[in-house]
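Data first, discussion second: the structure below is written as structure tokens.
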Amino acid sequence: MSQNYYCKWCGAKYPSVSSLTGSSCPRNPTKGGRHELYEGSEKSQYVCKYCGAKYPSISSMTGSSCSRHPNKGKHEPAL
Ligand SMILES: [Zn+2]
Ligand SMILES: [Zn+2]
């Protein structure tokens with residue numbers, strides 16, 4: 001059994017937390033920031049914590065702007 005770890009900003013998949021957090025993330029709102037661990041479980045559908053929009057993957061969700069995001073950012077997956 002191997003577990004996958006996902007970045008909450010871009011949905012990139014890694015085999016370990018250390019490899020995930022060791023790489024820079026193109027969608028981290030902090031410029032030059034690294035991938036950050038999505039702490040929810042792997043799902044068939046992800047829901048935006050601000051607006052409730054549903055997406056089949058974190059990467060498709062975080063690529064779209066969220067109309068209810070407090071800083072006019074992208075959708076962010078709820079846990
Ligand atoms: Zn990332
Ligand atoms: Zn949203």
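Identifiers for the structure tokens are assigned positionally: chains receive A, B, ... in sequence, residues are indexed from 1 per chain, and ligands are indexed from 1 in the order shown.
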Find the spatial neighbours of Cys25 (chain A), counting only C-alpha atoms, within a cut-off of 7 Å - ignore same-chain residues fewer than 2 positions away - and output them as an MDAnalysis selection string. chainID A and resid 23 27:28 33:35
Identify, with DSSP run on backbone atoms, the residues in region 3-73 of chain A assigned to helix (DSSP H, G or I), and express the list as a count of residues only. 9
Leaving out Leu37 (chain A) and any residue of its chain fewer than 5 positions from it, which residues lie within 7 Å of it when counting only C-alpha atoms, given as a PDB file with C-alpha atoms, in the first residue's frame?
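Saved result, out.pdb, follows:
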ATOM      1  CA  TYR A   5       0.181  13.155  -0.774  1.00  0.00           C
ATOM      2  CA  TYR A   6      -1.314  16.168  -2.501  1.00  0.00           C
ATOM      3  CA  CYS A   7      -0.466  19.848  -2.474  1.00  0.00           C
ATOM      4  CA  LYS A   8      -3.412  21.986  -1.353  1.00  0.00           C
TER       5      LYS A   8
END
Ligand 2: which residues are within 12 Å, counting only C-alpha atoms and all ligand atoms? Reply as a PyMOL selection string. chain A and resi 46-55+58+60-78
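Proximity to ligand 1 was assessed for A:Glu36, A:Thr30, A:Tyr14, A:Leu79 counting only C-alpha atoms and all ligand atoms; the smallest distance is recorded for A:Glu36.
Closest to Pro29 (chain A) among A:Val17, A:Trp9, A:Lys43, A:Ser59 is A:Trp9, based on only C-alpha atoms.
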Report, in Å with one decimal, the straight-line distance from CA of Ser2 (chain A) to CA of Gly32 (chain A). 29.1 Å
Run DSSP on the backbone of this structure and report the residues of chain A it assigns to strand (DSSP E or B), as a PyMOL selection string. chain A and resi 5-7+13-14+24+34+37+46-48+54-55+65+74+77
Best match for closeness to ligand 1 among A:Ser44, A:Ser16, A:Ser24, A:Asn4, counting only C-alpha atoms and all ligand atoms: A:Ser24
